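Peer 1: I am sharing protein.csv, which consists of CSV, C-alpha atoms:
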```csv
chain,number,residue,atom,x,y,z
A,209,MET,CA,19.5,-5.7,41.6
A,210,ARG,CA,18.8,-9.0,39.8
A,211,CYS,CA,19.2,-9.9,36.2
A,212,ASP,CA,15.4,-10.0,35.7
A,213,ALA,CA,15.1,-6.4,36.8
A,214,LEU,CA,17.8,-5.2,34.5
A,215,GLU,CA,16.7,-7.2,31.5
A,216,PRO,CA,13.9,-4.9,30.4
A,217,LEU,CA,16.2,-1.9,30.6
A,218,ILE,CA,19.1,-3.3,28.5
A,219,GLU,CA,17.9,-1.7,25.2
A,220,ALA,CA,17.3,1.6,26.8
A,221,ILE,CA,20.8,1.5,28.4
A,222,ALA,CA,22.3,0.5,25.1
A,223,ASP,CA,20.7,3.4,23.1
A,224,GLY,CA,21.4,5.9,25.9
A,225,THR,CA,17.8,6.7,26.8
A,226,HIS,CA,18.1,5.2,30.3
A,227,ASP,CA,20.6,6.6,32.8
A,228,VAL,CA,22.6,3.9,34.4
A,229,SER,CA,22.0,4.1,38.2
A,230,ALA,CA,24.6,3.2,40.8
A,231,ALA,CA,22.7,0.0,41.5
A,232,ASP,CA,22.7,-0.9,37.8
A,233,ARG,CA,26.4,-0.2,37.6
A,234,ALA,CA,27.1,-2.3,40.7
A,235,HIS,CA,25.2,-5.2,39.2
A,236,LEU,CA,26.8,-4.9,35.8
A,237,SER,CA,30.3,-4.9,37.3
A,238,SER,CA,29.6,-8.3,38.9
A,239,CYS,CA,27.3,-10.0,36.4
A,240,ALA,CA,28.9,-11.4,33.2
A,241,VAL,CA,25.5,-12.3,31.7
A,242,CYS,CA,24.0,-8.8,31.9
A,243,SER,CA,27.3,-7.2,30.7
A,244,ALA,CA,27.3,-9.5,27.7
A,245,ARG,CA,23.7,-8.7,27.0
A,246,ILE,CA,24.4,-5.0,27.1
A,247,GLU,CA,27.4,-5.4,24.9
A,248,GLU,CA,25.3,-7.4,22.4
A,249,ALA,CA,22.5,-4.7,22.6
A,250,ARG,CA,25.1,-2.0,21.8
A,251,ARG,CA,26.4,-3.9,18.8
A,252,ILE,CA,22.8,-4.2,17.6
A,253,GLU,CA,22.2,-0.5,18.2
A,254,GLN,CA,25.4,0.4,16.3
A,255,TRP,CA,24.5,-1.9,13.4
A,256,LEU,CA,21.0,-0.5,13.2
A,257,SER,CA,22.3,3.1,13.2
A,258,SER,CA,24.9,2.4,10.5
A,259,ARG,CA,22.8,0.3,8.2
A,260,ASP,CA,22.6,1.3,4.6
A,261,VAL,CA,19.3,2.6,3.4
A,262,PRO,CA,18.4,0.8,0.1
A,263,MET,CA,17.9,3.4,-2.6
A,264,PRO,CA,15.5,3.1,-5.5
A,265,PRO,CA,17.0,2.9,-9.0
A,266,ALA,CA,17.3,6.0,-11.1
A,267,SER,CA,14.5,4.8,-13.3
A,268,PHE,CA,12.0,4.3,-10.4
A,269,THR,CA,9.8,7.4,-11.0
A,270,ALA,CA,9.7,6.7,-14.8
A,271,SER,CA,8.6,3.1,-14.1
A,272,VAL,CA,5.9,4.2,-11.8
A,273,MET,CA,4.6,6.7,-14.3
A,274,ALA,CA,4.7,4.1,-17.1
A,275,ARG,CA,2.6,1.7,-14.9
A,276,ILE,CA,0.1,4.5,-14.2
A,277,GLY,CA,-0.1,5.2,-17.9
A,278,GLU,CA,-0.6,1.5,-18.6
A,279,GLU,CA,-3.4,1.3,-16.0
A,280,LYS,CA,-5.1,4.4,-17.4
A,281,TRP,CA,-4.9,2.9,-20.9
A,282,LYS,CA,-6.5,-0.3,-19.7
A,283,THR,CA,-9.3,1.6,-18.1
A,284,GLU,CA,-9.9,3.6,-21.2
A,285,ARG,CA,-9.8,0.5,-23.3
A,286,ALA,CA,-12.4,-1.2,-21.1
A,287,VAL,CA,-14.6,1.9,-21.4
A,288,ASP,CA,-14.2,1.9,-25.2
A,289,ILE,CA,-15.1,-1.7,-25.5
A,290,SER,CA,-18.2,-1.2,-23.2
A,291,PHE,CA,-19.2,1.8,-25.4
A,292,ASN,CA,-18.8,-0.1,-28.6
A,293,LEU,CA,-20.8,-3.1,-27.2
A,294,ALA,CA,-23.5,-0.8,-26.0
A,295,ILE,CA,-23.7,0.9,-29.5
A,296,ALA,CA,-23.8,-2.5,-31.2
A,297,ALA,CA,-26.6,-3.6,-28.8
A,298,ALA,CA,-28.5,-0.4,-29.4
A,299,VAL,CA,-28.3,-0.8,-33.2
A,300,ILE,CA,-29.4,-4.4,-33.0
A,301,ILE,CA,-32.4,-3.5,-30.8
A,302,ILE,CA,-33.3,-0.6,-33.1
A,303,ILE,CA,-33.1,-2.8,-36.2
A,304,THR,CA,-35.1,-5.5,-34.5
A,305,GLY,CA,-37.7,-3.0,-33.2
A,306,ALA,CA,-38.0,-1.4,-36.7
A,307,ALA,CA,-38.3,-4.8,-38.3
A,308,GLY,CA,-40.9,-5.8,-35.8
A,309,ALA,CA,-42.8,-2.6,-36.4
A,310,ALA,CA,-42.6,-3.1,-40.1
A,311,TRP,CA,-43.9,-6.6,-39.8
A,312,SER,CA,-46.7,-5.5,-37.5
A,313,LEU,CA,-47.7,-2.9,-40.0
A,314,GLY,CA,-47.5,-5.4,-42.8
A,315,PHE,CA,-44.7,-3.6,-44.6
A,316,PHE,CA,-43.4,-7.0,-45.8
A,317,THR,CA,-46.4,-7.1,-48.1
A,318,VAL,CA,-45.8,-3.6,-49.4
A,319,ALA,CA,-44.5,-4.9,-52.7
A,320,ILE,CA,-47.7,-6.8,-53.3
A,321,ASP,CA,-50.3,-4.2,-52.4
A,322,GLY,CA,-49.1,-0.8,-51.2
A,323,GLU,CA,-52.5,0.7,-50.9
A,324,ALA,CA,-53.9,-2.2,-48.8
A,325,LEU,CA,-50.8,-2.1,-46.7
A,326,LEU,CA,-51.2,1.6,-46.0
A,327,ARG,CA,-54.8,1.1,-45.1
A,328,ALA,CA,-53.8,-1.7,-42.8
A,329,ALA,CA,-51.0,0.3,-41.3
A,330,VAL,CA,-53.4,3.2,-40.4
A,331,ALA,CA,-55.8,0.7,-39.0
A,332,GLN,CA,-53.3,-1.2,-36.9
A,333,VAL,CA,-51.0,1.7,-35.9
A,334,GLU,CA,-52.7,2.2,-32.6
A,335,GLY,CA,-52.7,-1.5,-31.7
A,336,ARG,CA,-49.6,-3.3,-32.8
A,337,VAL,CA,-47.1,-0.4,-32.9
A,338,ILE,CA,-47.6,0.2,-29.3
A,339,SER,CA,-46.4,-3.3,-28.5
A,340,GLN,CA,-43.1,-2.3,-30.2
A,341,VAL,CA,-42.6,0.8,-28.1
A,342,GLN,CA,-40.9,-1.3,-25.4
A,343,SER,CA,-38.1,-2.2,-27.9
A,344,VAL,CA,-37.7,1.4,-28.9
A,345,VAL,CA,-37.5,2.5,-25.2
A,346,ILE,CA,-34.9,-0.2,-24.4
A,347,ALA,CA,-32.9,0.9,-27.4
A,348,ALA,CA,-33.1,4.5,-26.4
A,349,VAL,CA,-31.9,3.6,-22.8
A,350,VAL,CA,-29.0,1.6,-24.1
A,351,LEU,CA,-28.1,4.3,-26.5
A,352,THR,CA,-28.2,6.9,-23.7
A,353,MET,CA,-26.0,4.7,-21.5
A,354,ALA,CA,-23.5,4.4,-24.3
A,355,LEU,CA,-23.5,8.2,-24.8
A,356,VAL,CA,-23.0,8.7,-21.0
A,357,ALA,CA,-20.1,6.2,-21.0
A,358,TRP,CA,-18.6,8.0,-23.9
A,359,TRP,CA,-19.0,11.4,-22.2
A,360,TRP,CA,-17.5,10.0,-19.0
A,361,ALA,CA,-14.5,8.5,-20.8
A,362,GLU,CA,-13.9,11.8,-22.6
A,363,ALA,CA,-14.1,13.7,-19.3
A,364,ALA,CA,-11.7,11.3,-17.6
A,365,THR,CA,-9.2,11.7,-20.5
A,366,ASP,CA,-9.3,15.5,-20.2
B,21,MET,CA,7.0,19.4,3.6
B,22,LYS,CA,4.8,22.2,4.6
B,23,LEU,CA,1.1,21.5,4.9
B,24,THR,CA,0.1,24.1,2.4
B,25,SER,CA,2.5,22.9,-0.3
B,26,GLU,CA,1.5,19.3,0.5
B,27,HIS,CA,-2.2,20.3,0.1
B,28,GLU,CA,-1.4,22.0,-3.2
B,29,LEU,CA,0.5,19.0,-4.4
B,30,VAL,CA,-2.4,16.7,-3.6
B,31,GLU,CA,-4.9,19.0,-5.3
B,32,ARG,CA,-2.8,19.2,-8.4
B,33,CYS,CA,-2.5,15.4,-8.4
B,34,ARG,CA,-6.3,15.1,-8.1
B,35,GLN,CA,-6.8,17.3,-11.1
B,36,GLY,CA,-4.8,14.8,-13.1
B,37,ASP,CA,-1.5,16.8,-13.2
B,38,GLU,CA,1.0,14.2,-14.0
B,39,THR,CA,3.9,16.5,-13.2
B,40,ALA,CA,2.6,16.9,-9.7
B,41,PHE,CA,2.3,13.1,-9.2
B,42,ARG,CA,5.9,12.7,-10.6
B,43,GLU,CA,6.9,15.3,-7.9
B,44,LEU,CA,5.1,13.3,-5.2
B,45,VAL,CA,6.8,10.1,-6.3
B,46,ASP,CA,10.2,11.9,-6.3
B,47,GLN,CA,9.5,13.3,-2.8
B,48,TYR,CA,8.6,10.0,-1.2
B,49,LYS,CA,10.4,7.3,-3.2
B,50,ASN,CA,13.4,7.1,-1.0
B,51,MET,CA,11.3,6.7,2.2
B,52,VAL,CA,9.0,4.1,0.6
B,53,PHE,CA,11.8,2.2,-1.1
B,54,GLY,CA,14.0,2.4,2.0
B,55,LEU,CA,11.2,1.0,4.3
B,56,ILE,CA,10.3,-1.8,1.9
B,57,GLY,CA,13.9,-2.6,0.9
B,58,ARG,CA,14.9,-3.1,4.4
B,59,SER,CA,12.2,-5.7,5.0
B,60,VAL,CA,12.2,-7.4,1.6
B,61,PRO,CA,15.8,-8.4,0.7
B,62,ASN,CA,14.9,-9.3,-2.9
B,63,ARG,CA,15.6,-6.0,-4.7
B,64,SER,CA,13.4,-6.6,-7.7
B,65,ARG,CA,10.5,-7.6,-5.5
B,66,ALA,CA,11.1,-4.6,-3.3
B,67,GLU,CA,11.0,-2.4,-6.3
B,68,GLU,CA,7.8,-4.0,-7.5
B,69,LEU,CA,6.2,-3.5,-4.1
B,70,ALA,CA,7.3,0.1,-3.9
B,71,GLN,CA,5.8,0.8,-7.3
B,72,ASP,CA,2.6,-0.9,-6.2
B,73,VAL,CA,2.5,1.5,-3.2
B,74,PHE,CA,2.6,4.5,-5.6
B,75,LEU,CA,-0.1,3.0,-7.8
B,76,LYS,CA,-2.3,2.6,-4.7
B,77,VAL,CA,-1.5,6.2,-3.8
B,78,HIS,CA,-2.5,7.3,-7.3
B,79,ARG,CA,-5.8,5.4,-7.2
B,80,GLY,CA,-6.5,6.6,-3.6
B,81,LEU,CA,-5.7,10.3,-4.0
B,82,PRO,CA,-9.3,11.2,-5.0
B,83,TYR,CA,-10.5,9.7,-1.7
B,84,PHE,CA,-7.7,11.2,0.4
B,85,ARG,CA,-9.4,13.7,2.7
B,86,GLY,CA,-6.3,15.1,4.2
B,87,GLU,CA,-7.3,14.1,7.8
B,88,SER,CA,-3.9,12.8,8.3
B,89,LYS,CA,-0.6,13.9,6.8
B,90,LEU,CA,0.1,12.6,3.3
B,91,SER,CA,3.3,10.9,4.5
B,92,THR,CA,1.4,9.1,7.3
B,93,TRP,CA,-1.2,7.9,4.8
B,94,ILE,CA,1.6,6.7,2.5
B,95,TYR,CA,3.4,4.9,5.3
B,96,ARG,CA,0.1,3.1,6.1
B,97,ILE,CA,0.0,1.9,2.5
B,98,VAL,CA,3.5,0.7,2.9
B,99,ILE,CA,2.6,-1.2,6.1
B,100,ASN,CA,-0.4,-2.8,4.3
B,101,ALA,CA,1.8,-3.8,1.3
B,102,LEU,CA,4.4,-5.4,3.7
B,103,SER,CA,1.6,-7.1,5.6
B,104,GLN,CA,0.2,-8.6,2.4
B,105,GLU,CA,3.7,-9.7,1.4
B,106,ARG,CA,4.2,-11.5,4.8
B,107,PRO,CA,0.8,-12.3,6.1
B,108,GLU,CA,2.1,-14.7,8.7
B,109,LEU,CA,4.1,-11.8,10.3
B,110,ALA,CA,1.3,-9.3,9.9
B,111,ALA,CA,-1.2,-11.5,11.7
B,112,ARG,CA,1.0,-11.3,14.8
B,113,SER,CA,0.1,-8.1,16.6
B,114,ILE,CA,2.8,-6.3,18.6
B,115,ASP,CA,0.3,-6.2,21.5
B,116,ASP,CA,0.5,-10.0,21.6
B,117,VAL,CA,4.2,-9.8,22.3
B,118,ASP,CA,4.4,-10.4,26.0
B,119,ASP,CA,7.3,-9.1,28.0
B,120,ALA,CA,7.8,-12.6,29.5
B,121,ASP,CA,8.2,-13.9,26.0
B,122,ASP,CA,11.0,-11.5,25.5
B,123,ARG,CA,13.1,-12.9,28.4
B,124,PRO,CA,16.1,-14.6,27.0
B,125,GLN,CA,16.1,-18.3,27.6
B,126,HIS,CA,19.8,-18.6,26.8
B,127,GLN,CA,22.7,-16.6,27.9
B,128,PRO,CA,24.7,-15.0,25.2
B,129,ALA,CA,27.5,-17.4,24.3
B,130,ALA,CA,31.0,-16.0,24.6
B,131,ASP,CA,31.9,-17.0,21.1
B,132,ASP,CA,28.9,-14.9,19.8
B,133,ARG,CA,31.1,-11.9,20.2
B,134,ALA,CA,33.8,-13.5,18.1
B,135,PHE,CA,31.5,-13.4,15.0
B,136,GLY,CA,32.7,-10.9,12.5
B,137,ASP,CA,30.7,-7.8,11.6
B,138,LEU,CA,29.6,-9.3,8.3
B,139,LEU,CA,28.2,-12.3,10.0
B,140,LEU,CA,26.4,-10.2,12.5
B,141,ARG,CA,24.9,-8.1,9.8
B,142,ASP,CA,23.6,-11.2,8.1
B,143,ARG,CA,22.1,-12.6,11.3
B,144,LEU,CA,20.6,-9.3,12.2
B,145,GLN,CA,19.0,-8.9,8.8
B,146,LYS,CA,17.5,-12.4,9.0
B,147,ALA,CA,16.3,-11.7,12.5
B,148,ILE,CA,14.6,-8.4,11.5
B,149,GLU,CA,12.8,-10.3,8.7
B,150,ARG,CA,11.3,-12.5,11.4
B,151,LEU,CA,9.9,-9.7,13.5
B,152,PRO,CA,6.2,-8.8,13.3
B,153,ILE,CA,5.6,-6.3,10.4
B,154,GLN,CA,4.9,-3.4,12.8
B,155,TYR,CA,8.2,-4.0,14.6
B,156,GLN,CA,10.0,-4.2,11.3
B,157,VAL,CA,8.6,-0.9,10.2
B,158,LEU,CA,9.3,0.7,13.6
B,159,ILE,CA,12.9,-0.4,13.6
B,160,ASN,CA,13.5,0.2,9.9
B,161,GLY,CA,11.8,3.6,10.0
B,162,HIS,CA,13.3,4.8,13.2
B,163,TYR,CA,16.9,4.5,11.9
B,164,MET,CA,16.2,6.3,8.7
B,165,LYS,CA,17.0,9.9,8.3
B,166,GLY,CA,14.1,12.2,7.7
B,167,MET,CA,11.5,9.8,9.2
B,168,ARG,CA,9.5,11.5,11.9
B,169,TYR,CA,8.6,9.7,15.0
B,170,GLU,CA,5.1,11.0,15.2
B,171,GLU,CA,4.3,10.1,11.6
B,172,LEU,CA,5.5,6.6,12.2
B,173,ALA,CA,3.5,6.3,15.4
B,174,THR,CA,0.3,7.5,13.7
B,175,ALA,CA,0.8,5.2,10.7
B,176,LEU,CA,1.3,2.3,13.1
B,177,ASP,CA,-1.7,3.4,15.2
B,178,LEU,CA,0.5,3.6,18.3
B,179,PRO,CA,0.1,6.3,20.9
B,180,MET,CA,3.1,8.6,20.9
B,181,GLY,CA,4.0,7.8,24.4
B,182,THR,CA,4.4,4.1,23.7
B,183,VAL,CA,6.6,4.3,20.6
B,184,LYS,CA,9.8,4.3,22.6
B,185,THR,CA,8.6,1.3,24.6
B,186,HIS,CA,7.6,-0.6,21.5
B,187,LEU,CA,11.0,0.2,19.9
B,188,HIS,CA,12.8,-1.2,22.9
B,189,ARG,CA,10.6,-4.3,22.9
B,190,ALA,CA,11.3,-4.7,19.2
B,191,LYS,CA,15.0,-4.5,19.8
B,192,ARG,CA,14.7,-6.9,22.7
B,193,GLN,CA,13.0,-9.4,20.5
B,194,LEU,CA,15.8,-8.9,18.0
B,195,ARG,CA,18.4,-9.6,20.6
B,196,ARG,CA,16.5,-12.6,21.8
B,197,LEU,CA,16.3,-14.0,18.2
B,198,LEU,CA,20.0,-13.6,17.9
B,199,GLU,CA,20.6,-15.3,21.2
B,200,THR,CA,18.4,-18.2,20.3
B,201,GLU,CA,17.5,-18.9,16.7
B,202,PHE,CA,20.3,-17.1,14.9
B,203,ARG,CA,23.2,-18.1,17.1
```
Do you think you could lay out the structure here as C-alpha cells?
Peer 2:
Amino acid sequence: MRCDALEPLIEAIADGTHDVSAADRAHLSSCAVCSARIEEARRIEQWLSSRDVPMPPASFTASVMARIGEEKWKTERAVDISFNLAIAAAVIIIITGAAGAAWSLGFFTVAIDGEALLRAAVAQVEGRVISQVQSVVIAAVVLTMALVAWWWAEAATD
Amino acid sequence: MKLTSEHELVERCRQGDETAFRELVDQYKNMVFGLIGRSVPNRSRAEELAQDVFLKVHRGLPYFRGESKLSTWIYRIVINALSQERPELAARSIDDVDDADDRPQHQPAADDRAFGDLLLRDRLQKAIERLPIQYQVLINGHYMKGMRYEELATALDLPMGTVKTHLHRAKRQLRRLLETEFR
C-alpha cells in the first residue's frame, strides 16, 4: 500500500470508523510519514472531542426578549405615525374640499347677501358641487385607510 | 423534543405568547450560541449574532410551515447568519473542495508534535475559522452533545449518506491547514 492510498483514510482511522487492515498496518509500521499523519489526526480528533462549548450568558434570553420588544415598539410607532399622518391628510383634504364647496356655492358672500347666496347655491348645486365630489371621495378613502391601519395596529397589539 | 410539543410550542409562539417564545429561546440558545461561538471567537459579536438568529426566528415563525423540524430550520438560520458574517468562506462550497486539493503537500514536521496543547488548540481554532462555513458547522456541530446527525445534514442540504464523508474531508482540510499554513 502506498501513502496516497492511505491518505484519504487517515481521518477515518483516527476516529475509529475505519478498521485498520493488515495491509494498512504493514504500511504504517514502515512509513514514518503516514504514522505521523495518523498521530496528528488523532490529536485533532481528541481536541475536537474535548473542546469546550461556548455557553450563552445568563442574561441571553432576557436580551433577546428585550430586542423583540424594542422591534415590536418600533413597528407600532411606525404604524402610529402613519395613522396620524393619514388622519392629518384626511382632515386637510376635508377642509380643502369643504372650502372649495363653500366657494363654489358662493358661501363667501353669505355675509353680504344671504338670500342671493341661497338662490345661487340651489342653482349651482348640481353643477359645481359635483366637481368637489372627487376631493370628498379621496378624503373618505384616506380616512378609511387610516381606520384600517388603526384596526390592524390594535389587532397586532392584542 | 417531541414533534407534538414542538408543534404546540410553535403554535403558541405564533399566537403571540411571549412565554412560549421565551421557552423556545431557552431550549435552543445553547445550541445556537455553541455553534456560533465556535466559529466567531469574539464573544460579544457571537452573542449579537445569536440574538439576531432568534430575532429572525421570531419574525419567520408566522411563515414556518413545519415541513422541516424546528431545530433544522433554526440551524439553517444559523448557517445563513455565519455565511453573512464571513461571505468569503460562504462563497466556497464544500462541493468545490477536491480530494486532490486535500492531499498534504508537506510532510508533518517532527517538531510539530513538540508543540504544547495550548499552542495546538490555538492553531486548530484558527484553522477551523478558515474552513468553508458548511465544514465549520459540520465540525462544530458534530462534536456537540445533543446535536443530531440527521438534523445537521438536512440543515446543510447534505444527503445523510455523505455526511460522514464530508466530515472526514473537513478534518482532512483541517489537518492540511495545520501542516501548511498554521505550522
Peer 1: For A:Glu248, please output as a list of chain:residue names all residues within 8 Å (counting only C-alpha atoms; exclusion window: fewer than 3 positions along the same chain).
Peer 2: A:Ala244, A:Arg245, A:Arg251, A:Ile252, B:Arg133, B:Arg195
Peer 1: Between atom CA of A:Val241 and atom CA of B:Leu197, what is the distance in Å, rounded to a tenth?
Peer 2: 16.4 Å
Peer 1: Chain A residues within 6 Å of chain B, counting all atoms listed in the file: which ones, as a PyMOL selection string?
Peer 2: chain A and resi 219+257+261-262+264+272
Peer 1: Give me the residues within 12 Å of A:Ser229 as a PyMOL selection string, counting all atoms listed in the file and dropping any in the same chain fewer than 5 places off.
Peer 2: chain A and resi 209+214+217+221+234-236
Peer 1: Report the distance between atom CA of A:Ala213 and atom CA of A:Ala231 in Å, rounded to one decimal place.
Peer 2: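 Going from atom CA of A:Ala213 over to atom CA of A:Ala231, I get 11.0 Å.
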Peer 1: Leaving out A:Ile301 and any residue of its chain fewer than 6 positions from it, which residues lie within 8 Å of it when counting all atoms listed in the file, given as a PyMOL selection string?
Peer 2: chain A and resi 343-344+346-347
Peer 1: What is the atom CA of B:Glu170 to atom CA of B:Ala101 distance in Å?
Peer 2: 20.6 Å
Peer 1: With all atoms listed in the file as the basis for distance, which of B:Tyr48, B:Ser91, B:Arg143, B:Glu149 is at the shortest distance from A:Met263?
Peer 2: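 Answer, going by the shortest atom-to-atom distance: B:Tyr48.
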Peer 1: Residues at most 10 Å from A:Asp288, counting all atoms listed in the file, excluding those fewer than 6 positions away in the same chain, as a PyMOL selection string?
Peer 2: chain A and resi 282+294+354+357-358+361
Peer 1: For the selection just defined, write its residues with C-alpha atoms to a file, as a short mmCIF file (atom, residue, chain, number, x, y, z; two decimals), in the frame of the given file.
Peer 2:
```cif
data_model
loop_
_atom_site.label_atom_id
_atom_site.label_comp_id
_atom_site.auth_asym_id
_atom_site.auth_seq_id
_atom_site.Cartn_x
_atom_site.Cartn_y
_atom_site.Cartn_z
CA LYS A 282 -6.50 -0.30 -19.70
CA ALA A 294 -23.50 -0.80 -26.00
CA ALA A 354 -23.50 4.40 -24.30
CA ALA A 357 -20.10 6.20 -21.00
CA TRP A 358 -18.60 8.00 -23.90
CA ALA A 361 -14.50 8.50 -20.80
#
```
Peer 1: So which one's closest to A:Ser312, A:Ala249, A:Ala331, A:Ala266, A:Val350? Using all atoms listed in the file, please.
Peer 2: A:Ala331
Peer 1: Dig up all the protein and nucleic acid residues within 6 Å of (14.3, -9.5, 10.4) in the file frame, using all atoms listed in the file, and format them as an MDAnalysis selection string.
Peer 2: chainID B and resid 145:151
Peer 1: For B:Val30, find every residue with an atom within 8 Å (counting all atoms listed in the file), except residues of its own chain fewer than 4 positions away, and show them as a count of residues only.
Peer 2: 4
